[in-house]
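Here's model-v5.cif, which has mmCIF, C-alpha atoms and all ligand atoms:
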```
data_coords
loop_
_atom_site.label_atom_id
_atom_site.label_comp_id
_atom_site.auth_asym_id
_atom_site.auth_seq_id
_atom_site.Cartn_x
_atom_site.Cartn_y
_atom_site.Cartn_z
CA MET S 9 107.37 90.90 87.26
CA LYS S 10 104.81 89.56 89.77
CA VAL S 11 105.45 89.84 93.50
CA LEU S 12 103.50 88.05 96.20
CA VAL S 13 103.33 90.09 99.40
CA ILE S 14 102.66 88.18 102.59
CA ASN S 15 101.76 89.54 106.01
CA CYS S 16 101.48 86.74 108.56
CA GLY S 17 99.75 87.24 111.89
CA SER S 18 99.38 84.70 114.67
CA SER S 19 96.20 83.15 113.27
CA SER S 20 95.71 85.12 110.08
CA LEU S 21 97.51 85.88 106.85
CA LYS S 22 96.97 88.69 104.37
CA TYR S 23 98.32 88.53 100.85
CA GLN S 24 98.45 90.45 97.60
CA LEU S 25 99.81 89.48 94.22
CA ILE S 26 101.03 92.63 92.48
CA ASN S 27 102.06 93.11 88.88
CA MET S 28 105.00 95.47 89.25
CA GLU S 29 104.94 96.57 85.61
CA ASN S 30 101.83 98.67 86.29
CA GLU S 31 101.43 98.27 90.08
CA GLU S 32 98.14 96.48 89.51
CA VAL S 33 96.86 94.31 92.36
CA LEU S 34 96.09 91.05 90.57
CA ALA S 35 94.69 89.30 93.64
CA GLN S 36 94.26 90.02 97.30
CA GLY S 37 93.17 87.77 100.07
CA LEU S 38 92.90 86.96 103.71
CA VAL S 39 93.15 83.67 105.57
CA GLU S 40 91.63 83.68 109.03
CA ARG S 41 91.48 81.20 111.90
CA ILE S 42 94.67 79.36 110.95
CA GLY S 43 95.09 76.42 113.32
CA ILE S 44 91.65 77.06 114.81
CA ASN S 45 88.29 75.50 113.91
CA GLY S 46 86.61 77.23 110.99
CA SER S 47 89.65 78.26 108.90
CA ILE S 48 88.56 80.41 105.98
CA LEU S 49 90.30 81.89 102.92
CA THR S 50 88.74 84.80 101.06
CA GLN S 51 90.23 85.98 97.77
CA LYS S 52 89.27 88.93 95.62
CA ILE S 53 90.24 89.35 91.98
CA SER S 54 88.95 92.24 89.96
CA GLY S 55 86.21 91.16 87.57
CA LYS S 56 85.64 87.83 89.33
CA GLU S 57 83.35 86.72 92.09
CA LYS S 58 84.78 86.56 95.59
CA TYR S 59 86.34 83.15 96.16
CA VAL S 60 85.86 81.57 99.59
CA VAL S 61 87.56 78.38 100.76
CA GLU S 62 86.39 76.90 104.04
CA GLU S 63 88.72 74.04 104.81
CA LYS S 64 90.73 73.05 107.83
CA MET S 65 94.13 74.79 107.77
CA VAL S 66 96.18 73.37 110.58
CA ASN S 67 99.16 75.73 110.37
CA HIS S 68 100.68 78.55 108.29
CA GLU S 69 102.26 76.16 105.81
CA ASP S 70 98.87 74.69 105.20
CA ALA S 71 97.41 78.19 104.82
CA ILE S 72 100.07 79.25 102.31
CA LYS S 73 99.45 76.05 100.34
CA HIS S 74 95.80 77.08 100.11
CA VAL S 75 96.80 80.61 99.05
CA LEU S 76 98.95 79.24 96.21
CA ASP S 77 96.15 76.87 95.18
CA ALA S 78 93.69 79.76 95.15
CA LEU S 79 96.04 81.86 92.99
CA ILE S 80 96.48 79.09 90.40
CA ASP S 81 92.89 77.82 90.56
CA LYS S 82 91.63 77.44 86.97
CA GLU S 83 88.30 79.10 87.63
CA HIS S 84 88.96 81.46 90.54
CA GLY S 85 92.70 82.12 90.21
CA ILE S 86 94.79 84.57 88.21
CA ILE S 87 98.02 82.77 87.28
CA LYS S 88 98.68 79.50 85.47
CA ASP S 89 101.27 78.15 87.87
CA MET S 90 103.57 79.11 90.70
CA SER S 91 106.49 79.87 88.41
CA GLU S 92 104.67 83.11 87.49
CA ILE S 93 105.42 84.40 91.00
CA ASP S 94 108.84 86.02 90.57
CA ALA S 95 109.45 86.94 94.20
CA VAL S 96 107.86 87.03 97.63
CA GLY S 97 108.01 90.02 99.98
CA HIS S 98 107.35 89.31 103.64
CA ARG S 99 106.32 91.89 106.17
CA VAL S 100 108.29 91.44 109.40
CA VAL S 101 107.47 93.62 112.36
CA HIS S 102 110.77 93.80 114.20
CA GLY S 103 114.21 94.05 112.62
CA GLY S 104 116.03 94.96 115.84
CA GLU S 105 119.05 97.23 115.60
CA LYS S 106 120.79 95.43 112.80
CA TYR S 107 118.46 95.99 109.89
CA SER S 108 117.62 99.51 108.94
CA GLN S 109 116.70 98.32 105.48
CA SER S 110 114.99 95.43 103.79
CA VAL S 111 117.04 92.30 103.09
CA LEU S 112 116.87 89.16 101.01
CA VAL S 113 116.15 86.02 103.00
CA ASN S 114 119.18 83.89 103.82
CA ASP S 115 120.32 81.79 106.81
CA GLU S 116 121.98 84.72 108.54
CA VAL S 117 118.82 86.81 108.29
CA MET S 118 116.68 83.94 109.57
CA ASN S 119 118.98 83.46 112.58
CA TYR S 120 118.79 87.15 113.38
CA LEU S 121 115.00 87.12 113.11
CA GLU S 122 115.00 84.39 115.75
CA GLU S 123 117.02 86.67 118.00
CA CYS S 124 114.43 89.41 117.49
CA VAL S 125 111.52 87.22 118.57
CA LYS S 126 111.97 88.26 122.18
CA LEU S 127 111.48 91.90 121.16
CA ALA S 128 108.13 91.23 119.46
CA PRO S 129 106.99 87.70 120.28
CA LEU S 130 103.39 88.19 119.15
CA HIS S 131 104.46 89.40 115.73
CA ASN S 132 107.87 88.08 114.77
CA ARG S 133 107.13 84.43 115.54
CA PRO S 134 104.24 84.18 113.05
CA ASN S 135 106.30 86.22 110.55
CA ILE S 136 109.13 83.65 110.76
CA ILE S 137 106.72 80.73 110.48
CA GLY S 138 105.30 82.32 107.32
CA ILE S 139 108.74 82.72 105.75
CA GLU S 140 109.72 79.14 106.62
CA ALA S 141 106.50 77.85 105.12
CA CYS S 142 107.08 79.76 101.87
CA LYS S 143 110.68 78.55 101.70
CA LYS S 144 109.42 74.99 101.80
CA LEU S 145 106.71 75.48 99.22
CA MET S 146 108.60 77.80 96.85
CA ALA S 147 112.21 76.77 97.29
CA ASN S 148 113.46 78.52 94.16
CA THR S 149 111.62 81.80 94.50
CA PRO S 150 113.66 84.71 95.91
CA MET S 151 112.24 86.25 99.07
CA ALA S 152 112.74 89.50 100.88
CA VAL S 153 111.84 90.69 104.35
CA VAL S 154 110.65 94.25 104.84
CA PHE S 155 110.73 95.43 108.43
CA ASP S 156 108.24 97.73 110.15
CA THR S 157 111.13 99.15 112.16
CA ALA S 158 113.59 99.69 109.29
CA PHE S 159 112.64 103.22 108.24
CA HIS S 160 113.29 104.43 111.79
CA GLY S 161 116.87 103.16 111.73
CA THR S 162 118.07 106.68 110.94
CA MET S 163 116.90 108.17 114.27
CA PRO S 164 119.73 109.88 116.15
CA LYS S 165 120.74 108.44 119.48
CA GLU S 166 119.13 111.18 121.54
CA ALA S 167 115.81 110.31 119.92
CA TYR S 168 115.94 106.56 120.42
CA MET S 169 117.58 106.29 123.85
CA TYR S 170 115.57 106.11 127.07
CA ALA S 171 117.05 107.69 130.18
CA LEU S 172 117.44 104.29 131.84
CA PRO S 173 120.70 102.79 133.13
CA TYR S 174 122.88 102.47 130.03
CA GLU S 175 123.27 98.69 130.33
CA MET S 176 119.52 98.30 129.69
CA TYR S 177 120.31 99.43 126.17
CA GLU S 178 123.67 97.72 125.79
CA LYS S 179 122.76 94.36 127.29
CA HIS S 180 119.06 94.13 126.58
CA GLY S 181 118.46 96.30 123.52
CA ILE S 182 115.95 98.47 125.38
CA ARG S 183 115.55 101.55 123.18
CA LYS S 184 112.99 103.13 120.90
CA TYR S 185 112.60 101.19 117.62
CA GLY S 186 109.41 102.63 116.14
CA PHE S 187 106.90 100.83 113.94
CA HIS S 188 104.65 101.41 110.88
CA GLY S 189 107.92 102.31 109.12
CA THR S 190 106.82 100.97 105.74
CA SER S 191 103.77 103.24 105.82
CA HIS S 192 105.66 106.34 107.02
CA LYS S 193 108.22 105.81 104.27
CA TYR S 194 105.61 105.28 101.59
CA VAL S 195 103.49 108.36 102.42
CA SER S 196 106.46 110.67 102.95
CA ASN S 197 107.81 109.81 99.50
CA LYS S 198 104.34 110.06 97.99
CA VAL S 199 103.70 113.53 99.43
CA ALA S 200 107.05 114.84 98.18
CA GLU S 201 106.13 113.54 94.74
CA ALA S 202 102.66 115.14 94.95
CA MET S 203 104.21 118.49 95.92
CA GLY S 204 106.73 118.21 93.09
CA LYS S 205 109.58 118.55 95.58
CA ASP S 206 112.67 116.58 96.45
CA ILE S 207 112.07 114.81 99.76
CA LYS S 208 115.59 115.90 100.75
CA ASP S 209 114.30 119.49 100.90
CA LEU S 210 111.28 118.79 103.11
CA LYS S 211 110.37 118.58 106.78
CA ILE S 212 107.42 116.21 106.96
CA ILE S 213 105.26 114.99 109.83
CA THR S 214 103.50 111.78 108.88
CA CYS S 215 100.46 110.82 110.99
CA HIS S 216 99.59 107.14 110.55
CA LEU S 217 96.27 107.00 112.37
CA GLY S 218 94.61 103.59 112.23
CA ASN S 219 93.63 101.18 114.94
CA GLY S 220 97.22 101.52 116.04
CA GLY S 221 98.72 104.93 115.42
CA SER S 222 102.04 106.72 115.23
CA LEU S 223 103.58 109.99 114.06
CA THR S 224 107.01 110.28 112.48
CA ALA S 225 109.20 113.33 111.93
CA VAL S 226 110.85 112.93 108.51
CA LYS S 227 113.60 115.46 107.88
CA ASN S 228 115.33 115.53 104.49
CA GLY S 229 113.98 112.06 103.71
CA LYS S 230 115.10 110.46 106.95
CA ALA S 231 113.08 109.51 110.02
CA ILE S 232 114.49 111.43 112.96
CA ASP S 233 111.87 110.55 115.57
CA THR S 234 108.68 108.55 115.92
CA THR S 235 106.06 108.12 118.62
CA MET S 236 106.03 104.35 119.04
CA GLY S 237 108.86 103.07 121.16
CA PHE S 238 110.38 99.83 122.35
CA THR S 239 106.96 98.38 121.54
CA PRO S 240 103.92 99.58 119.58
CA LEU S 241 102.21 100.47 122.88
CA ASP S 242 103.99 103.80 123.24
CA GLY S 243 103.04 107.17 121.79
CA ILE S 244 99.63 108.64 120.97
CA VAL S 245 96.27 107.32 122.16
CA MET S 246 95.09 104.44 119.95
CA GLY S 247 91.93 102.37 119.39
CA THR S 248 92.52 100.06 122.34
CA ARG S 249 96.10 100.94 123.40
CA SER S 250 96.88 103.53 126.02
CA GLY S 251 99.87 105.14 124.32
CA SER S 252 102.34 106.91 126.63
CA ILE S 253 101.39 106.93 130.29
CA ASP S 254 103.34 107.51 133.47
CA PRO S 255 105.32 104.23 133.79
CA ALA S 256 104.69 104.26 137.54
CA ILE S 257 101.01 103.52 136.84
CA VAL S 258 102.10 100.00 135.88
CA ILE S 259 103.81 99.57 139.26
CA TYR S 260 100.76 100.97 141.04
CA LEU S 261 98.38 98.62 139.23
CA ILE S 262 100.46 95.64 140.24
CA GLN S 263 101.58 96.58 143.75
CA GLU S 264 98.61 98.52 145.07
CA LEU S 265 95.66 97.25 143.08
CA GLY S 266 96.79 93.63 142.80
CA TYR S 267 96.58 93.17 139.03
CA SER S 268 98.73 90.46 137.51
CA VAL S 269 101.28 91.24 134.82
CA GLU S 270 99.05 89.54 132.25
CA GLU S 271 96.06 91.61 133.32
CA VAL S 272 98.04 94.85 133.06
CA ASN S 273 99.24 93.83 129.62
CA ASP S 274 95.66 93.17 128.60
CA ILE S 275 94.43 96.49 130.04
CA LEU S 276 97.12 98.58 128.33
CA ASN S 277 96.91 96.86 124.96
CA LYS S 278 93.27 95.87 124.62
CA LYS S 279 91.10 97.80 127.05
CA SER S 280 92.53 101.31 126.93
CA GLY S 281 92.71 103.98 124.22
CA ILE S 282 89.50 105.50 122.91
CA LEU S 283 87.70 102.27 123.82
CA GLY S 284 88.77 102.52 127.44
CA VAL S 285 87.97 106.21 127.81
CA SER S 286 84.62 106.14 125.98
CA GLY S 287 83.43 102.70 127.05
CA VAL S 288 81.77 102.65 123.62
CA SER S 289 84.07 101.25 120.95
CA SER S 290 87.56 101.37 119.48
CA ASP S 291 86.14 102.41 116.12
CA PHE S 292 86.09 106.11 115.35
CA ARG S 293 82.82 105.85 113.46
CA ASP S 294 81.04 104.52 116.57
CA ILE S 295 82.71 107.07 118.82
CA ARG S 296 81.67 109.93 116.55
CA SER S 297 78.03 108.92 116.45
CA ALA S 298 78.00 108.32 120.22
CA ALA S 299 79.55 111.75 120.81
CA TYR S 300 77.47 113.84 118.43
CA GLU S 301 74.24 111.92 117.84
CA GLU S 302 73.81 110.58 121.38
CA ASN S 303 75.65 113.34 123.21
CA ASN S 304 77.81 110.81 125.07
CA GLU S 305 80.22 112.83 127.23
CA ARG S 306 82.85 110.12 127.51
CA ALA S 307 82.89 109.58 123.76
CA LYS S 308 83.46 113.32 123.38
CA LEU S 309 86.24 113.16 125.93
CA ALA S 310 87.89 110.26 124.07
CA LEU S 311 87.94 112.33 120.88
CA ASP S 312 89.23 115.44 122.68
CA LEU S 313 91.99 113.42 124.31
CA TYR S 314 92.96 111.85 121.01
CA HIS S 315 93.10 115.17 119.17
CA TYR S 316 95.04 116.79 122.01
CA LYS S 317 97.76 114.12 122.00
CA VAL S 318 98.23 114.22 118.24
CA ARG S 319 98.28 118.03 118.24
CA CYS S 320 100.93 118.13 121.00
CA GLN S 321 103.01 115.65 119.07
CA ILE S 322 102.82 117.70 115.88
CA GLY S 323 104.13 120.66 117.90
CA ALA S 324 106.91 118.52 119.35
CA TYR S 325 108.05 117.30 115.93
CA ALA S 326 107.95 120.79 114.46
CA ALA S 327 110.35 121.66 117.29
CA ALA S 328 112.47 118.54 116.67
CA MET S 329 112.94 119.45 113.00
CA GLY S 330 113.18 123.21 113.44
CA GLY S 331 109.99 123.65 111.43
CA VAL S 332 107.56 121.71 109.29
CA ASP S 333 106.62 122.00 105.61
CA VAL S 334 103.89 119.41 105.35
CA ILE S 335 101.68 117.22 107.53
CA VAL S 336 100.38 113.95 106.12
CA PHE S 337 97.34 112.03 107.36
CA THR S 338 97.11 108.36 106.48
CA ALA S 339 95.65 104.92 107.49
CA GLY S 340 92.01 104.11 108.36
CA VAL S 341 91.36 107.11 110.58
CA GLY S 342 93.76 109.56 108.92
CA GLU S 343 92.37 108.86 105.45
CA ASN S 344 88.70 108.80 106.37
CA ALA S 345 87.87 110.65 109.57
CA ILE S 346 87.31 114.21 108.34
CA GLU S 347 86.57 115.66 111.79
CA THR S 348 89.52 113.89 113.39
CA ARG S 349 91.92 115.53 110.94
CA GLU S 350 90.40 118.89 111.82
CA GLY S 351 90.65 118.16 115.55
CA CYS S 352 94.29 117.14 115.26
CA VAL S 353 95.41 120.46 113.78
CA GLU S 354 92.95 122.78 115.53
CA GLY S 355 94.73 125.66 117.25
CA LEU S 356 97.99 125.13 115.37
CA GLU S 357 97.46 128.22 113.19
CA PHE S 358 100.27 129.93 115.14
CA LEU S 359 102.63 127.42 113.45
CA GLY S 360 101.21 128.32 110.04
CA ILE S 361 99.03 125.19 109.94
CA GLU S 362 95.56 125.95 108.51
CA ILE S 363 93.19 123.26 107.35
CA ASP S 364 90.54 124.08 104.73
CA LYS S 365 87.25 122.60 105.90
CA ASP S 366 85.83 122.38 102.38
CA LYS S 367 88.86 120.75 100.82
CA ASN S 368 89.05 118.46 103.83
CA LYS S 369 85.73 116.79 102.95
CA VAL S 370 87.57 113.87 101.42
CA ARG S 371 88.01 110.19 102.20
CA GLY S 372 90.64 107.78 100.99
CA GLU S 373 92.22 109.81 98.21
CA LEU S 374 95.44 111.73 97.79
CA LYS S 375 94.56 115.39 98.22
CA GLU S 376 95.88 118.61 99.65
CA VAL S 377 93.48 119.85 102.32
CA SER S 378 95.21 122.99 103.64
CA LYS S 379 94.10 126.56 102.93
CA ASP S 380 95.91 128.41 100.16
CA THR S 381 97.24 130.76 102.85
CA SER S 382 98.59 127.91 105.01
CA LYS S 383 102.39 128.06 105.29
CA VAL S 384 102.41 124.37 106.16
CA LYS S 385 100.70 122.10 103.66
CA ILE S 386 98.34 119.37 104.86
CA TYR S 387 97.75 116.27 102.75
CA VAL S 388 95.67 113.13 102.91
CA VAL S 389 97.76 110.32 101.41
CA PRO S 390 96.34 106.79 101.30
CA THR S 391 98.97 104.39 102.52
CA ASN S 392 99.93 101.26 100.61
CA GLU S 393 102.23 99.06 102.67
CA GLU S 394 101.84 96.09 100.33
CA LEU S 395 103.02 98.08 97.31
CA MET S 396 105.94 99.46 99.30
CA ILE S 397 106.94 95.92 100.34
CA ALA S 398 106.69 94.76 96.73
CA GLU S 399 108.78 97.74 95.54
CA GLU S 400 111.48 97.08 98.12
CA THR S 401 111.53 93.40 97.11
CA VAL S 402 112.02 94.33 93.45
CA GLU S 403 114.74 96.83 94.37
CA LEU S 404 116.65 94.18 96.30
CA LEU S 405 116.46 91.75 93.41
CA ASN S 406 117.85 94.34 91.05
P1 LIG S 501 94.92 98.86 111.44
O1 LIG S 501 95.75 99.54 112.47
O2 LIG S 501 94.11 97.73 111.98
O3 LIG S 501 95.62 98.58 110.14
P2 LIG S 501 93.36 100.73 109.85
O4 LIG S 501 94.42 101.63 109.35
O5 LIG S 501 92.69 99.82 108.89
O6 LIG S 501 93.81 99.95 111.13
O7 LIG S 501 92.23 101.67 110.52
C1 LIG S 501 91.07 101.11 111.06
C2 LIG S 501 90.27 102.19 111.75
O8 LIG S 501 89.96 103.24 110.84
C3 LIG S 501 88.90 101.74 112.26
O9 LIG S 501 88.98 101.16 113.51
C4 LIG S 501 88.13 103.03 112.28
O10 LIG S 501 88.27 103.61 113.55
C5 LIG S 501 88.80 103.92 111.28
N1 LIG S 501 87.94 104.22 110.14
C6 LIG S 501 87.76 103.50 109.02
N2 LIG S 501 86.88 104.10 108.19
C7 LIG S 501 86.49 105.25 108.80
C8 LIG S 501 85.57 106.32 108.47
N3 LIG S 501 84.91 106.33 107.33
N4 LIG S 501 85.45 107.31 109.36
C9 LIG S 501 86.14 107.31 110.51
N5 LIG S 501 87.00 106.34 110.88
C10 LIG S 501 87.16 105.33 110.04
#
```

Exercise: express the given structure as structure tokens:
Amino acid sequence: MKVLVINCGSSSLKYQLINMENEEVLAQGLVERIGINGSILTQKISGKEKYVVEEKMVNHEDAIKHVLDALIDKEHGIIKDMSEIDAVGHRVVHGGEKYSQSVLVNDEVMNYLEECVKLAPLHNRPNIIGIEACKKLMANTPMAVVFDTAFHGTMPKEAYMYALPYEMYEKHGIRKYGFHGTSHKYVSNKVAEAMGKDIKDLKIITCHLGNGGSLTAVKNGKAIDTTMGFTPLDGIVMGTRSGSIDPAIVIYLIQELGYSVEEVNDILNKKSGILGVSGVSSDFRDIRSAAYEENNERAKLALDLYHYKVRCQIGAYAAAMGGVDVIVFTAGVGENAIETREGCVEGLEFLGIEIDKDKNKVRGELKEVSKDTSKVKIYVVPTNEELMIAEETVELLN
């Protein structure tokens, strides 16, 4: 069975064609600048040269047409025709309160996705456009949507409610939803498998540290809390996002300092985080070299702040679960930034968390990195959201 996984952004689209018999990625690609001058499709297939298509792509339907053409291209493609694609799995960011699991696409689901647009306009709109485009081009192919929020649907009410007037929740759906759910689910299952344990017997803290970042407390296989909130702006410090701040700062910026709502939005989402603090970059590689090769004090501060927030959150989730058996690091930073992993667990020995600096010299592979004496295990687990989406799609079809 071959599943096409599609992740549509506002002007970009990522895709993978996966053979589910052996989980092999047959093709992966990226379309950028959809609807903007200079549209470009790049496709990689193992054993073949990179295939680049530079043609005007006016909208997502146009882009998906080009993706399908690239996949069936005689010279650069990997399948003979579209009928070889058995199903499509779409990543959708926000599933609101209704969907705590993946679903097959039908009219009811599409209507509900429309309702969710107001919760995540930047993400859900392009996701819907992508699904509509695929429906047109592949009318007979079954499709599933896999939500970023779904895994967090098991959070208890005290974890997802804000202490705001109750009608904010009832009338407007203002509550914590959480994001990166597909990744947290994937790595928590993977680590249980690697430890040879049943996930139902484990208390896991998953740290998805990428450009965006979030931690999730997974108790007995279920998410019971997560750091992102009503939006992906909440929680730990991120590349360019502030994470949690005193909400009154927003009021102060607007009322006292005269910033517009748009400017505040831009500051909190794009100019804050380790970029904002360091003034150097949002990329951990740049921050590290600025801090330790150039002795840049603000870069050092950005790293210290980042480590401190993650460390505090690990402590909080150990408390939320009444203990912790294993901590997982994943995503760009979590999988690759050796020193960041060390910084995030430094000083947590009192909880039985001891990282082994030799074992920890690892990038991008599944490995245990805790000391033999560590009561709490620490693992690096590469995430694979595309595979998870494809697996959920297959499960729904069965
Ligand atoms: P996104 O949230 O965009 O999916 P990723 O999970 O791909 O992000 O993570 C991207 C980030 O990972 C980069 O911005 C960079 O900070 C970090 N990163 C990638 N490789 C390394 C590395 N070798 N060392 C340290 N950080 C890295």

Between S:His180, S:His131, S:Lys278, S:His84, smallest distance to Tyr59 of chain S by all atoms listed in the file belongs to S:His84

Shell of 12 Å around ligand LIG 501 (chain S) (only C-alpha atoms and all ligand atoms), written as a VMD selection string: chain S and resid 15 17 22 187 to 188 191 215 to 222 240 246 to 249 281 to 283 289 to 297 311 337 to 349 369 to 372 390 to 394

If I take atom CA of Asp209 of chain S and atom CA of Lys227 of chain S, how far is one from the other in Å, to one decimal? 8.1 Å

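Atom pair atom CA of Asn67 of chain S / atom CA of Ile93 of chain S: separated by 22.1 Å.
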
Mind checking which residues fall within 9 Å of Gly243 of chain S, counting all atoms listed in the file, ignoring those fewer than 3 positions away in the same chain, and posting them as a list in words? Gly221, Ser222, Leu223, Thr234, Thr235, Met236, Gly237, Pro240, Met246, Ser250, Gly251, Ser252, Ile253, Lys317 and Gln321 of chain S

Next, write the just-selected residues to a file, as a CSV table (one decimal), in the coordinates of the input, keeping C-alpha atoms as the atom set.
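Contents of out_15.csv, freshly written:
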```
chain,number,residue,atom,x,y,z
S,221,GLY,CA,98.7,104.9,115.4
S,222,SER,CA,102.0,106.7,115.2
S,223,LEU,CA,103.6,110.0,114.1
S,234,THR,CA,108.7,108.6,115.9
S,235,THR,CA,106.1,108.1,118.6
S,236,MET,CA,106.0,104.4,119.0
S,237,GLY,CA,108.9,103.1,121.2
S,240,PRO,CA,103.9,99.6,119.6
S,246,MET,CA,95.1,104.4,120.0
S,250,SER,CA,96.9,103.5,126.0
S,251,GLY,CA,99.9,105.1,124.3
S,252,SER,CA,102.3,106.9,126.6
S,253,ILE,CA,101.4,106.9,130.3
S,317,LYS,CA,97.8,114.1,122.0
S,321,GLN,CA,103.0,115.6,119.1
```

Point (107.7, 94.9, 120.3) neighbourhood (6 Å, all atoms listed in the file) written as a ChimeraX atom specification: /S:127-128,238-239

Preceding selection exported with C-alpha atoms as a PDB file, keeping the file's coordinate frame:
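The resulting file, out.pdb, is shown below:
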```pdb
ATOM      1  CA  LEU S 127     111.480  91.900 121.160  1.00  0.00           C
ATOM      2  CA  ALA S 128     108.130  91.230 119.460  1.00  0.00           C
ATOM      3  CA  PHE S 238     110.380  99.830 122.350  1.00  0.00           C
ATOM      4  CA  THR S 239     106.960  98.380 121.540  1.00  0.00           C
TER       5      THR S 239
END
```

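The spacing separating atom CA of Gly103 of chain S from atom CA of Glu271 of chain S amounts to 27.6 Å.
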
Please report, as AutoDock Vina command-line options, the centre and edge lengths in Å to one decimal of an axis-aligned box covering all listed atoms of segment 330-340 of chain S with 5 Å per side.
```
--center_x 102.6 --center_y 113.9 --center_z 109.4 --size_x 31.2 --size_y 29.5 --size_z 18.1
```

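Closest approach to Asp254 of chain S among S:Glu178, S:Glu166, S:Asp242, S:Asp312 is made by S:Asp242 (distances from all atoms listed in the file).
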
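Proximity to Asn45 of chain S was assessed for S:Val66, S:Ile386, S:Val117, S:Leu356 counting all atoms listed in the file; the smallest distance is recorded for S:Val66.
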
As a list in words, please: the residues near Lys375 of chain S (cut-off 8 Å, all atoms listed in the file, same-chain neighbours under 4 positions excluded). Val370, Tyr387, Val388 and Val389 of chain S

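Closest approach to Leu210 of chain S from the set S:Lys385, S:Lys88, S:Lys367, S:Lys10 is made by S:Lys385, with distances taken over all atoms listed in the file.
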
Could you pull the residues within 7 Å of Val113 of chain S, counting all atoms listed in the file, minus those fewer than 4 positions along the same chain, as number ranges by chain? S: 117-118, 151-153

Who sits within 12 Å of segment 47-54 of chain S, only C-alpha atoms, same chain under 5 positions skipped, as a PyMOL selection string: chain S and resi 19-26+32-42+59-68+70-81+83-87

For Lys308 of chain S, which residue among S:Val245, S:Val111, S:Ile322, S:Val285 is the nearest when counting only C-alpha atoms? S:Val285

Contacts of Ala200 of chain S at 10 Å or less, counting all atoms listed in the file, minus same-chain residues fewer than 6 places along, as JSON, numbers by chain? {"S": [206, 207, 208, 209, 210, 211, 212, 229, 334]}

May I have the residues from that selection written out with C-alpha atoms, as a tab-separated table (two decimals), in the frame of the given file?
```tsv
chain	number	residue	atom	x	y	z
S	206	ASP	CA	112.67	116.58	96.45
S	207	ILE	CA	112.07	114.81	99.76
S	208	LYS	CA	115.59	115.90	100.75
S	209	ASP	CA	114.30	119.49	100.90
S	210	LEU	CA	111.28	118.79	103.11
S	211	LYS	CA	110.37	118.58	106.78
S	212	ILE	CA	107.42	116.21	106.96
S	229	GLY	CA	113.98	112.06	103.71
S	334	VAL	CA	103.89	119.41	105.35
```

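Minimum atom-to-atom distances from S:Lys383, S:Asn135, S:Ser378, S:Gly330 to Gly97 of chain S were compared using all atoms listed in the file, and the lowest value belongs to S:Asn135.
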